[in-house]
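Next up, query21.csv (CSV, N, CA and C atoms):
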chain,number,residue,atom,x,y,z
A,635,MET,N,48.7,-9.2,-14.7
A,635,MET,CA,49.2,-9.9,-13.5
A,635,MET,C,48.2,-9.8,-12.4
A,636,PHE,N,47.7,-8.7,-12.1
A,636,PHE,CA,46.7,-8.5,-11.0
A,636,PHE,C,45.4,-9.2,-11.4
A,637,ILE,N,45.0,-9.2,-12.6
A,637,ILE,CA,43.8,-9.8,-13.0
A,637,ILE,C,43.8,-11.3,-12.8
A,638,SER,N,44.8,-12.0,-13.1
A,638,SER,CA,44.8,-13.4,-12.9
A,638,SER,C,44.8,-13.8,-11.4
A,639,LYS,N,45.4,-13.1,-10.5
A,639,LYS,CA,45.4,-13.4,-9.1
A,639,LYS,C,43.9,-13.1,-8.6
A,640,ALA,N,43.3,-12.0,-9.0
A,640,ALA,CA,42.0,-11.8,-8.6
A,640,ALA,C,41.0,-12.8,-9.1
A,641,TYR,N,41.2,-13.3,-10.3
A,641,TYR,CA,40.3,-14.3,-10.9
A,641,TYR,C,40.5,-15.6,-10.1
A,642,ALA,N,41.7,-15.9,-9.7
A,642,ALA,CA,42.0,-17.1,-8.9
A,642,ALA,C,41.4,-17.1,-7.6
A,643,GLN,N,41.4,-15.9,-6.9
A,643,GLN,CA,40.8,-15.8,-5.6
A,643,GLN,C,39.2,-15.9,-5.7
A,644,VAL,N,38.6,-15.3,-6.7
A,644,VAL,CA,37.2,-15.4,-6.9
A,644,VAL,C,36.8,-16.9,-7.2
A,645,GLU,N,37.6,-17.6,-8.0
A,645,GLU,CA,37.3,-18.9,-8.3
A,645,GLU,C,37.4,-19.8,-7.0
A,646,GLU,N,38.4,-19.5,-6.2
A,646,GLU,CA,38.6,-20.3,-5.0
A,646,GLU,C,37.4,-20.0,-4.0
A,647,VAL,N,37.0,-18.8,-3.9
A,647,VAL,CA,35.8,-18.5,-3.0
A,647,VAL,C,34.6,-19.1,-3.5
A,648,ALA,N,34.4,-19.1,-4.8
A,648,ALA,CA,33.2,-19.7,-5.4
A,648,ALA,C,33.1,-21.2,-5.1
A,649,THR,N,34.2,-21.9,-5.2
A,649,THR,CA,34.3,-23.3,-5.0
A,649,THR,C,34.0,-23.6,-3.5
A,650,ASP,N,34.5,-22.8,-2.6
A,650,ASP,CA,34.3,-23.0,-1.2
A,650,ASP,C,32.8,-22.8,-0.9
A,651,ILE,N,32.1,-21.8,-1.5
A,651,ILE,CA,30.7,-21.6,-1.3
A,651,ILE,C,29.9,-22.8,-1.8
A,652,LEU,N,30.3,-23.3,-3.0
A,652,LEU,CA,29.6,-24.5,-3.6
A,652,LEU,C,29.7,-25.7,-2.7
A,653,ASN,N,30.9,-25.9,-2.2
A,653,ASN,CA,31.2,-27.1,-1.3
A,653,ASN,C,30.4,-27.0,0.0
A,654,GLU,N,30.3,-25.8,0.6
A,654,GLU,CA,29.5,-25.6,1.8
A,654,GLU,C,28.0,-25.8,1.5
A,655,ALA,N,27.6,-25.3,0.4
A,655,ALA,CA,26.2,-25.5,0.0
A,655,ALA,C,25.8,-26.9,-0.2
A,656,ALA,N,26.7,-27.7,-0.8
A,656,ALA,CA,26.5,-29.1,-1.1
A,656,ALA,C,26.4,-29.9,0.3
A,657,ILE,N,27.2,-29.5,1.2
A,657,ILE,CA,27.2,-30.2,2.5
A,657,ILE,C,25.9,-29.8,3.3
A,658,ASP,N,25.4,-28.6,3.2
A,658,ASP,CA,24.2,-28.1,4.0
A,658,ASP,C,22.9,-28.5,3.3
A,659,ALA,N,22.9,-28.9,2.1
A,659,ALA,CA,21.7,-29.2,1.3
A,659,ALA,C,21.0,-30.4,1.9
A,660,PRO,N,19.6,-30.3,2.1
A,660,PRO,CA,18.9,-31.5,2.7
A,660,PRO,C,18.8,-32.6,1.6
A,661,SER,N,18.7,-33.8,2.1
A,661,SER,CA,18.5,-34.9,1.2
A,661,SER,C,17.1,-34.9,0.7
A,662,ALA,N,16.8,-35.8,-0.2
A,662,ALA,CA,15.5,-35.8,-0.9
A,662,ALA,C,14.4,-36.2,0.2
A,663,GLY,N,14.7,-37.1,1.1
A,663,GLY,CA,13.8,-37.5,2.1
A,663,GLY,C,13.5,-36.4,3.1
A,664,GLU,N,14.6,-35.6,3.5
A,664,GLU,CA,14.4,-34.5,4.4
A,664,GLU,C,13.5,-33.4,3.7
A,665,ALA,N,13.8,-33.1,2.5
A,665,ALA,CA,13.0,-32.1,1.7
A,665,ALA,C,11.6,-32.5,1.6
A,666,PHE,N,11.3,-33.8,1.4
A,666,PHE,CA,9.9,-34.3,1.3
A,666,PHE,C,9.2,-34.1,2.6
A,667,MET,N,9.9,-34.5,3.7
A,667,MET,CA,9.3,-34.4,5.0
A,667,MET,C,9.0,-32.9,5.4
A,668,MET,N,9.9,-32.0,5.0
A,668,MET,CA,9.6,-30.6,5.3
A,668,MET,C,8.4,-30.1,4.5
A,669,ASN,N,8.3,-30.5,3.2
A,669,ASN,CA,7.1,-30.1,2.4
A,669,ASN,C,5.8,-30.7,3.0
A,670,MET,N,5.9,-32.0,3.4
A,670,MET,CA,4.7,-32.6,4.0
A,670,MET,C,4.3,-31.9,5.3
A,671,GLY,N,5.3,-31.5,6.1
A,671,GLY,CA,5.0,-30.7,7.3
A,671,GLY,C,4.3,-29.4,7.0
A,672,LEU,N,4.8,-28.7,6.0
A,672,LEU,CA,4.1,-27.5,5.6
A,672,LEU,C,2.7,-27.7,5.1
A,673,ILE,N,2.5,-28.7,4.3
A,673,ILE,CA,1.1,-29.1,3.9
A,673,ILE,C,0.2,-29.4,5.0
A,674,ALA,N,0.7,-30.1,6.0
A,674,ALA,CA,-0.1,-30.5,7.2
A,674,ALA,C,-0.5,-29.2,8.0
A,675,VAL,N,0.4,-28.3,8.1
A,675,VAL,CA,0.1,-27.0,8.8
A,675,VAL,C,-0.9,-26.2,8.0
A,676,LEU,N,-0.9,-26.2,6.7
A,676,LEU,CA,-1.9,-25.5,5.9
A,676,LEU,C,-3.2,-26.1,6.0
A,677,VAL,N,-3.3,-27.5,6.0
A,677,VAL,CA,-4.5,-28.2,6.1
A,677,VAL,C,-5.1,-27.9,7.5
A,678,LEU,N,-4.3,-27.9,8.5
A,678,LEU,CA,-4.8,-27.6,9.9
A,678,LEU,C,-5.4,-26.2,10.0
A,679,LEU,N,-4.7,-25.2,9.4
A,679,LEU,CA,-5.2,-23.8,9.4
A,679,LEU,C,-6.5,-23.7,8.6
A,680,PHE,N,-6.6,-24.4,7.5
A,680,PHE,CA,-7.8,-24.4,6.7
A,680,PHE,C,-9.0,-24.9,7.5
A,681,TYR,N,-8.7,-26.0,8.2
A,681,TYR,CA,-9.8,-26.6,9.0
A,681,TYR,C,-10.2,-25.6,10.1
A,682,VAL,N,-9.2,-25.1,10.8
A,682,VAL,CA,-9.5,-24.2,12.0
A,682,VAL,C,-10.2,-22.9,11.6
A,683,LEU,N,-9.8,-22.3,10.5
A,683,LEU,CA,-10.3,-21.0,10.1
A,683,LEU,C,-11.5,-21.1,9.2
A,684,MET,N,-11.8,-22.2,8.5
A,684,MET,CA,-12.9,-22.2,7.6
A,684,MET,C,-13.9,-23.3,7.9
A,685,ILE,N,-13.5,-24.5,8.0
A,685,ILE,CA,-14.5,-25.6,8.1
A,685,ILE,C,-15.1,-25.6,9.5
A,686,ARG,N,-14.4,-25.5,10.6
A,686,ARG,CA,-15.0,-25.6,11.9
A,686,ARG,C,-16.0,-24.5,12.2
A,687,PRO,N,-15.7,-23.2,11.9
A,687,PRO,CA,-16.7,-22.2,12.1
A,687,PRO,C,-18.0,-22.4,11.3
A,688,GLN,N,-17.9,-22.9,10.1
A,688,GLN,CA,-19.0,-23.2,9.2
A,688,GLN,C,-19.9,-24.3,9.8
A,689,GLN,N,-19.2,-25.3,10.3
A,689,GLN,CA,-20.0,-26.4,11.0
A,689,GLN,C,-20.7,-25.9,12.2
A,690,LYS,N,-20.1,-25.0,13.0
A,690,LYS,CA,-20.7,-24.5,14.2
A,690,LYS,C,-21.9,-23.7,13.8
A,691,ARG,N,-21.8,-22.8,12.8
A,691,ARG,CA,-23.0,-22.0,12.3
A,691,ARG,C,-24.1,-22.9,11.8
A,692,MET,N,-23.8,-24.0,11.1
A,692,MET,CA,-24.8,-24.9,10.6
A,692,MET,C,-25.5,-25.6,11.8
A,693,LYS,N,-24.8,-26.0,12.8
A,693,LYS,CA,-25.4,-26.6,13.9
A,693,LYS,C,-26.3,-25.7,14.7
A,694,GLU,N,-25.9,-24.4,14.9
A,694,GLU,CA,-26.7,-23.4,15.6
A,694,GLU,C,-28.0,-23.2,14.8
A,695,HIS,N,-27.9,-23.1,13.4
A,695,HIS,CA,-29.0,-22.8,12.6
A,695,HIS,C,-30.0,-24.0,12.6
A,696,SER,N,-29.5,-25.2,12.6
A,696,SER,CA,-30.4,-26.3,12.6
A,696,SER,C,-31.1,-26.5,14.0
A,697,SER,N,-30.4,-26.1,15.1
A,697,SER,CA,-31.0,-26.1,16.4
A,697,SER,C,-32.1,-25.0,16.5
A,698,MET,N,-31.8,-23.9,15.9
A,698,MET,CA,-32.8,-22.8,15.9
A,698,MET,C,-34.1,-23.2,15.1
A,699,LEU,N,-33.9,-23.9,14.0
A,699,LEU,CA,-35.0,-24.4,13.2
A,699,LEU,C,-35.8,-25.4,14.0
A,700,SER,N,-35.2,-26.3,14.7
A,700,SER,CA,-35.9,-27.3,15.4
A,700,SER,C,-36.7,-26.7,16.6
A,701,GLU,N,-36.3,-25.5,17.1
A,701,GLU,CA,-36.9,-24.9,18.3
A,701,GLU,C,-38.1,-24.0,17.9
A,702,LEU,N,-38.3,-23.8,16.6
A,702,LEU,CA,-39.4,-22.9,16.1
A,702,LEU,C,-40.7,-23.5,16.5
A,703,LYS,N,-41.6,-22.6,17.0
A,703,LYS,CA,-43.0,-23.0,17.4
A,703,LYS,C,-43.9,-21.9,17.0
A,704,LYS,N,-45.2,-22.2,17.2
A,704,LYS,CA,-46.3,-21.3,16.8
A,704,LYS,C,-46.1,-20.0,17.6
A,705,GLY,N,-46.2,-18.8,16.8
A,705,GLY,CA,-46.1,-17.5,17.5
A,705,GLY,C,-44.7,-16.9,17.4
A,706,THR,N,-43.7,-17.7,17.0
A,706,THR,CA,-42.3,-17.2,16.9
A,706,THR,C,-42.2,-16.2,15.8
A,707,LYS,N,-41.6,-15.1,16.0
A,707,LYS,CA,-41.4,-14.1,14.9
A,707,LYS,C,-40.1,-14.4,14.3
A,708,ILE,N,-40.2,-14.6,12.9
A,708,ILE,CA,-39.0,-15.0,12.2
A,708,ILE,C,-38.7,-14.0,11.0
A,709,VAL,N,-37.5,-14.2,10.5
A,709,VAL,CA,-37.0,-13.4,9.3
A,709,VAL,C,-36.6,-14.5,8.3
A,710,THR,N,-37.1,-14.4,7.0
A,710,THR,CA,-36.7,-15.3,6.0
A,710,THR,C,-35.5,-14.8,5.3
A,711,GLN,N,-35.0,-15.6,4.4
A,711,GLN,CA,-33.8,-15.2,3.6
A,711,GLN,C,-34.1,-14.1,2.6
A,712,GLY,N,-35.4,-14.1,2.2
A,712,GLY,CA,-35.8,-13.0,1.3
A,712,GLY,C,-36.1,-11.7,2.0
A,713,GLY,N,-36.1,-11.7,3.3
A,713,GLY,CA,-36.3,-10.5,4.1
A,713,GLY,C,-37.7,-10.3,4.6
A,714,LEU,N,-38.6,-11.3,4.4
A,714,LEU,CA,-39.9,-11.2,5.0
A,714,LEU,C,-39.9,-11.4,6.5
A,715,VAL,N,-40.7,-10.6,7.2
A,715,VAL,CA,-40.8,-10.8,8.6
A,715,VAL,C,-42.2,-11.2,8.9
A,716,GLY,N,-42.3,-12.3,9.6
A,716,GLY,CA,-43.7,-12.9,10.0
A,716,GLY,C,-43.6,-13.7,11.2
A,717,LYS,N,-44.8,-14.2,11.6
A,717,LYS,CA,-45.0,-15.1,12.7
A,717,LYS,C,-45.3,-16.4,12.3
A,718,VAL,N,-44.8,-17.4,12.9
A,718,VAL,CA,-45.1,-18.8,12.6
A,718,VAL,C,-46.5,-19.1,13.0
A,719,GLU,N,-47.3,-19.6,12.0
A,719,GLU,CA,-48.7,-19.8,12.3
A,719,GLU,C,-48.9,-21.3,12.5
A,720,LYS,N,-48.2,-22.2,11.7
A,720,LYS,CA,-48.4,-23.6,11.8
A,720,LYS,C,-47.2,-24.3,11.2
A,721,ILE,N,-46.7,-25.3,11.9
A,721,ILE,CA,-45.6,-26.1,11.3
A,721,ILE,C,-46.3,-27.3,10.6
A,722,LEU,N,-46.2,-27.4,9.3
A,722,LEU,CA,-46.9,-28.4,8.5
A,722,LEU,C,-46.2,-29.7,8.6
A,723,ASN,N,-44.9,-29.8,8.3
A,723,ASN,CA,-44.1,-31.0,8.4
A,723,ASN,C,-42.6,-30.7,8.7
A,724,ASP,N,-41.8,-31.6,8.4
A,724,ASP,CA,-40.3,-31.3,8.7
A,724,ASP,C,-39.7,-30.3,7.8
A,725,HIS,N,-40.4,-30.1,6.6
A,725,HIS,CA,-39.8,-29.2,5.6
A,725,HIS,C,-40.6,-27.9,5.4
A,726,GLU,N,-41.8,-27.8,5.8
A,726,GLU,CA,-42.6,-26.7,5.5
A,726,GLU,C,-43.3,-26.1,6.7
A,727,MET,N,-43.6,-24.8,6.6
A,727,MET,CA,-44.4,-24.2,7.7
A,727,MET,C,-45.2,-23.0,7.1
A,728,SER,N,-46.2,-22.6,7.7
A,728,SER,CA,-47.0,-21.5,7.3
A,728,SER,C,-46.7,-20.3,8.2
A,729,ILE,N,-46.5,-19.2,7.6
A,729,ILE,CA,-46.3,-18.0,8.4
A,729,ILE,C,-47.3,-16.9,8.0
A,730,LYS,N,-47.5,-16.0,8.9
A,730,LYS,CA,-48.4,-14.9,8.6
A,730,LYS,C,-47.6,-13.6,8.5
A,731,VAL,N,-47.8,-12.9,7.3
A,731,VAL,CA,-47.1,-11.7,7.1
A,731,VAL,C,-48.1,-10.6,6.7
A,732,ASP,N,-48.4,-9.7,7.6
A,732,ASP,CA,-49.3,-8.6,7.4
A,732,ASP,C,-50.7,-9.1,6.9
A,733,GLY,N,-51.2,-10.1,7.6
A,733,GLY,CA,-52.5,-10.6,7.2
A,733,GLY,C,-52.6,-11.7,6.1
A,734,THR,N,-51.4,-11.9,5.5
A,734,THR,CA,-51.3,-12.9,4.4
A,734,THR,C,-50.6,-14.1,5.0
A,735,THR,N,-51.2,-15.3,4.7
A,735,THR,CA,-50.6,-16.5,5.1
A,735,THR,C,-49.7,-17.1,4.0
A,736,LEU,N,-48.5,-17.4,4.2
A,736,LEU,CA,-47.6,-18.0,3.3
A,736,LEU,C,-47.1,-19.3,3.7
A,737,VAL,N,-46.9,-20.2,2.8
A,737,VAL,CA,-46.2,-21.5,3.1
A,737,VAL,C,-44.8,-21.4,2.6
A,738,ILE,N,-43.9,-21.6,3.5
A,738,ILE,CA,-42.4,-21.5,3.2
A,738,ILE,C,-41.7,-22.8,3.6
A,739,LEU,N,-40.5,-22.9,3.1
A,739,LEU,CA,-39.7,-24.0,3.5
A,739,LEU,C,-39.0,-23.6,4.8
A,740,ARG,N,-38.8,-24.6,5.7
A,740,ARG,CA,-38.1,-24.3,6.9
A,740,ARG,C,-36.6,-23.8,6.6
A,741,SER,N,-36.1,-24.3,5.6
A,741,SER,CA,-34.7,-23.9,5.3
A,741,SER,C,-34.6,-22.5,4.8
A,742,ALA,N,-35.7,-21.9,4.5
A,742,ALA,CA,-35.7,-20.5,4.0
A,742,ALA,C,-35.7,-19.5,5.2
A,743,VAL,N,-35.9,-20.0,6.4
A,743,VAL,CA,-35.8,-19.2,7.6
A,743,VAL,C,-34.4,-18.8,7.9
A,744,MET,N,-34.1,-17.5,8.0
A,744,MET,CA,-32.7,-17.1,8.2
A,744,MET,C,-32.4,-17.1,9.7
A,745,SER,N,-33.4,-16.5,10.5
A,745,SER,CA,-33.2,-16.4,11.9
A,745,SER,C,-34.5,-15.9,12.6
A,746,THR,N,-34.5,-15.9,13.9
A,746,THR,CA,-35.6,-15.3,14.6
A,746,THR,C,-35.5,-13.8,14.5
A,747,TYR,N,-36.5,-13.1,14.7
A,747,TYR,CA,-36.5,-11.7,14.6
A,747,TYR,C,-35.6,-11.0,15.7
A,748,ALA,N,-35.6,-11.6,16.8
A,748,ALA,CA,-34.7,-11.0,17.9
A,748,ALA,C,-33.3,-11.2,17.6
A,749,GLU,N,-32.9,-12.2,16.9
A,749,GLU,CA,-31.5,-12.4,16.5
A,749,GLU,C,-31.1,-11.6,15.4
A,750,ALA,N,-32.0,-11.3,14.5
A,750,ALA,CA,-31.7,-10.5,13.2
A,750,ALA,C,-31.5,-9.1,13.5
A,751,LEU,N,-32.2,-8.5,14.5
A,751,LEU,CA,-32.0,-7.1,14.8
A,751,LEU,C,-30.9,-6.8,15.8
A,752,PRO,N,-30.2,-5.7,15.6
A,752,PRO,CA,-29.3,-5.3,16.7
A,752,PRO,C,-30.1,-4.9,17.9
A,753,GLN,N,-29.5,-5.0,19.1
A,753,GLN,CA,-30.2,-4.7,20.3
A,753,GLN,C,-30.8,-3.3,20.4
A,754,ALA,N,-30.1,-2.3,19.8
A,754,ALA,CA,-30.6,-0.9,19.8
A,754,ALA,C,-31.9,-0.9,18.9
A,755,GLY,N,-31.9,-1.6,17.8
A,755,GLY,CA,-33.0,-1.6,16.9
A,755,GLY,C,-34.2,-2.3,17.5
A,756,ALA,N,-34.0,-3.3,18.3
A,756,ALA,CA,-35.1,-4.0,19.0
A,756,ALA,C,-35.8,-3.0,20.0
A,757,ALA,N,-34.9,-2.2,20.7
A,757,ALA,CA,-35.4,-1.3,21.7
A,757,ALA,C,-36.3,-0.2,21.0
A,758,ASN,N,-35.8,0.3,19.8
A,758,ASN,CA,-36.6,1.3,19.0
A,758,ASN,C,-37.9,0.7,18.6
A,759,ASP,N,-37.9,-0.6,18.1
A,759,ASP,CA,-39.2,-1.2,17.7
A,759,ASP,C,-40.2,-1.3,18.8
A,760,ASP,N,-39.7,-1.6,20.0
A,760,ASP,CA,-40.6,-1.7,21.2
A,760,ASP,C,-41.2,-0.3,21.5
A,761,LYS,N,-40.4,0.7,21.4
A,761,LYS,CA,-40.9,2.1,21.6
A,761,LYS,C,-41.9,2.5,20.6
A,762,LYS,N,-41.7,2.1,19.3
A,762,LYS,CA,-42.6,2.4,18.3
A,762,LYS,C,-43.9,1.7,18.5
A,763,ALA,N,-43.8,0.4,18.9
A,763,ALA,CA,-45.0,-0.4,19.1
A,763,ALA,C,-45.8,0.2,20.3
A,764,LYS,N,-45.2,0.7,21.3
A,764,LYS,CA,-45.8,1.3,22.5
A,764,LYS,C,-46.5,2.6,22.1
A,765,SER,N,-45.8,3.4,21.3
A,765,SER,CA,-46.4,4.7,20.8
A,765,SER,C,-47.6,4.4,19.9
A,766,LYS,N,-47.6,3.4,19.1
A,766,LYS,CA,-48.8,3.1,18.3
A,766,LYS,C,-50.0,2.6,19.1
A,767,THR,N,-49.7,1.8,20.1
A,767,THR,CA,-50.8,1.4,21.0
A,767,THR,C,-51.4,2.5,21.8
A,768,THR,N,-50.5,3.4,22.2
A,768,THR,CA,-51.1,4.6,23.0
A,768,THR,C,-51.8,5.5,22.1
A,769,SER,N,-51.4,5.7,20.8
A,769,SER,CA,-52.1,6.6,19.9
A,769,SER,C,-53.4,6.0,19.5
A,770,LYS,N,-53.5,4.6,19.4
A,770,LYS,CA,-54.7,4.0,19.1
A,770,LYS,C,-55.7,4.1,20.2
A,771,LYS,N,-55.2,4.1,21.4
A,771,LYS,CA,-56.1,4.2,22.6
A,771,LYS,C,-56.7,5.6,22.7
A,772,THR,N,-55.9,6.6,22.3
A,772,THR,CA,-56.3,8.0,22.4
A,772,THR,C,-57.3,8.3,21.3
A,773,LYS,N,-57.2,7.7,20.1
A,773,LYS,CA,-58.1,7.9,19.0
A,773,LYS,C,-59.5,7.4,19.3
A,774,LYS,N,-59.6,6.3,20.1
A,774,LYS,CA,-60.9,5.7,20.4
A,774,LYS,C,-61.6,6.6,21.3
What would the structure in this file look like if it were written as structure tokens?
Amino acid sequence: MFISKAYAQVEEVATDILNEAAIDAPSAGEAFMMNMGLIAVLVLLFYVLMIRPQQKRMKEHSSMLSELKKGTKIVTQGGLVGKVEKILNDHEMSIKVDGTTLVILRSAVMSTYAEALPQAGAANDDKKAKSKTTSKKTKK
């Protein structure tokens, strides 16, 4: 006797829940618009976090390449450090690395030497260069 009353109560509660869920469920159009809104937010985040910073970096790099001139100390993507000796054309330049002249592509230039080194490293290099010049003067 108790079992049947309990079963009836559970069945009544379950039908109430199902009826409320059917009333609150979004229509197909509303569900589609919510999904499209979510996709739009994801596309916006993708643009802001990935595409825009990459475009900014490429713009800065191309402006740095266009500003290169004779005597600028550069670092290539392979890690060579040299000075620009001559700009041959829009795509090539010759650089001098420890007495050797190399012809490289402009696109192979990673950055200028000053940008590649941290500020503390640049200060240490200046100190080393000064100590070398003073030691050369004393040897003469």
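Distances from A:Lys720, A:Pro752, A:Tyr747, A:Val715 to Asp732 of chain A were compared using only N, CA and C atoms, and the smallest one belongs to A:Val715.
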Item to complete: Would you kindly return, as JSON, numbers by chain, each protein, DNA or RNA residue with an atom no farther than 6 Å from any atom of Val718 of chain A, considering all atoms listed in the file and excluding same-chain residues fewer than 6 positions away?
Response: {"A": [703, 704, 705, 706, 707, 708, 728, 729, 730]}
Next, write the just-selected residues to a file, as a PDB file, in the coordinates of the input, keeping N, CA and C atoms as the atom set.
ATOM      1  N   LYS A 703     -41.600 -22.600  17.000  1.00  0.00           N
ATOM      2  CA  LYS A 703     -43.000 -23.000  17.400  1.00  0.00           C
ATOM      3  C   LYS A 703     -43.900 -21.900  17.000  1.00  0.00           C
ATOM      4  N   LYS A 704     -45.200 -22.200  17.200  1.00  0.00           N
ATOM      5  CA  LYS A 704     -46.300 -21.300  16.800  1.00  0.00           C
ATOM      6  C   LYS A 704     -46.100 -20.000  17.600  1.00  0.00           C
ATOM      7  N   GLY A 705     -46.200 -18.800  16.800  1.00  0.00           N
ATOM      8  CA  GLY A 705     -46.100 -17.500  17.500  1.00  0.00           C
ATOM      9  C   GLY A 705     -44.700 -16.900  17.400  1.00  0.00           C
ATOM     10  N   THR A 706     -43.700 -17.700  17.000  1.00  0.00           N
ATOM     11  CA  THR A 706     -42.300 -17.200  16.900  1.00  0.00           C
ATOM     12  C   THR A 706     -42.200 -16.200  15.800  1.00  0.00           C
ATOM     13  N   LYS A 707     -41.600 -15.100  16.000  1.00  0.00           N
ATOM     14  CA  LYS A 707     -41.400 -14.100  14.900  1.00  0.00           C
ATOM     15  C   LYS A 707     -40.100 -14.400  14.300  1.00  0.00           C
ATOM     16  N   ILE A 708     -40.200 -14.600  12.900  1.00  0.00           N
ATOM     17  CA  ILE A 708     -39.000 -15.000  12.200  1.00  0.00           C
ATOM     18  C   ILE A 708     -38.700 -14.000  11.000  1.00  0.00           C
ATOM     19  N   SER A 728     -46.200 -22.600   7.700  1.00  0.00           N
ATOM     20  CA  SER A 728     -47.000 -21.500   7.300  1.00  0.00           C
ATOM     21  C   SER A 728     -46.700 -20.300   8.200  1.00  0.00           C
ATOM     22  N   ILE A 729     -46.500 -19.200   7.600  1.00  0.00           N
ATOM     23  CA  ILE A 729     -46.300 -18.000   8.400  1.00  0.00           C
ATOM     24  C   ILE A 729     -47.300 -16.900   8.000  1.00  0.00           C
ATOM     25  N   LYS A 730     -47.500 -16.000   8.900  1.00  0.00           N
ATOM     26  CA  LYS A 730     -48.400 -14.900   8.600  1.00  0.00           C
ATOM     27  C   LYS A 730     -47.600 -13.600   8.500  1.00  0.00           C
TER      28      LYS A 730
END
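Counting from atom CA of Val743 of chain A, the distance to atom CA of Ile721 of chain A is 12.5 Å.
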Discussion item. Between atom N of Glu726 of chain A and atom CA of Arg740 of chain A, what distance in Å does the model show, to one decimal?
Written reply: 5.2 Å
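Between atom C of Ser741 of chain A and atom C of Phe680 of chain A there is a distance of 25.9 Å.
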Worksheet item: Any idea what's packed within 12 Å of Asn723 of chain A, counting only C-alpha atoms, ignoring anything in its chain fewer than 6 positions away? Could you give it as a ChimeraX atom specification?
Response: /A:700,737-740
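Closest approach to Glu749 of chain A among A:Val709, A:Glu701, A:Val731, A:His725 is made by A:Val709 (distances from only C-alpha atoms).
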Practice prompt. Mind the document's chain letters and residue numbers, and return as a VMD selection string the residues of segment 648-745 of chain A that DSSP labels strand (DSSP E).
Written response: chain A and resid 707 to 710 715 to 721 726 to 731 734 to 739 743 to 745
Practice prompt. Using DSSP on the backbone coordinates, identify the residues of segment 640-765 of chain A assigned to alpha helix (DSSP H); present them as number ranges by chain.
Written response: A: 640-658, 662-680, 686-700, 747-750, 753-765
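Proximity ranking of A:Glu694, A:Val675, A:Leu736, A:Asn669 relative to Thr710 of chain A places A:Leu736 first, based on only C-alpha atoms.
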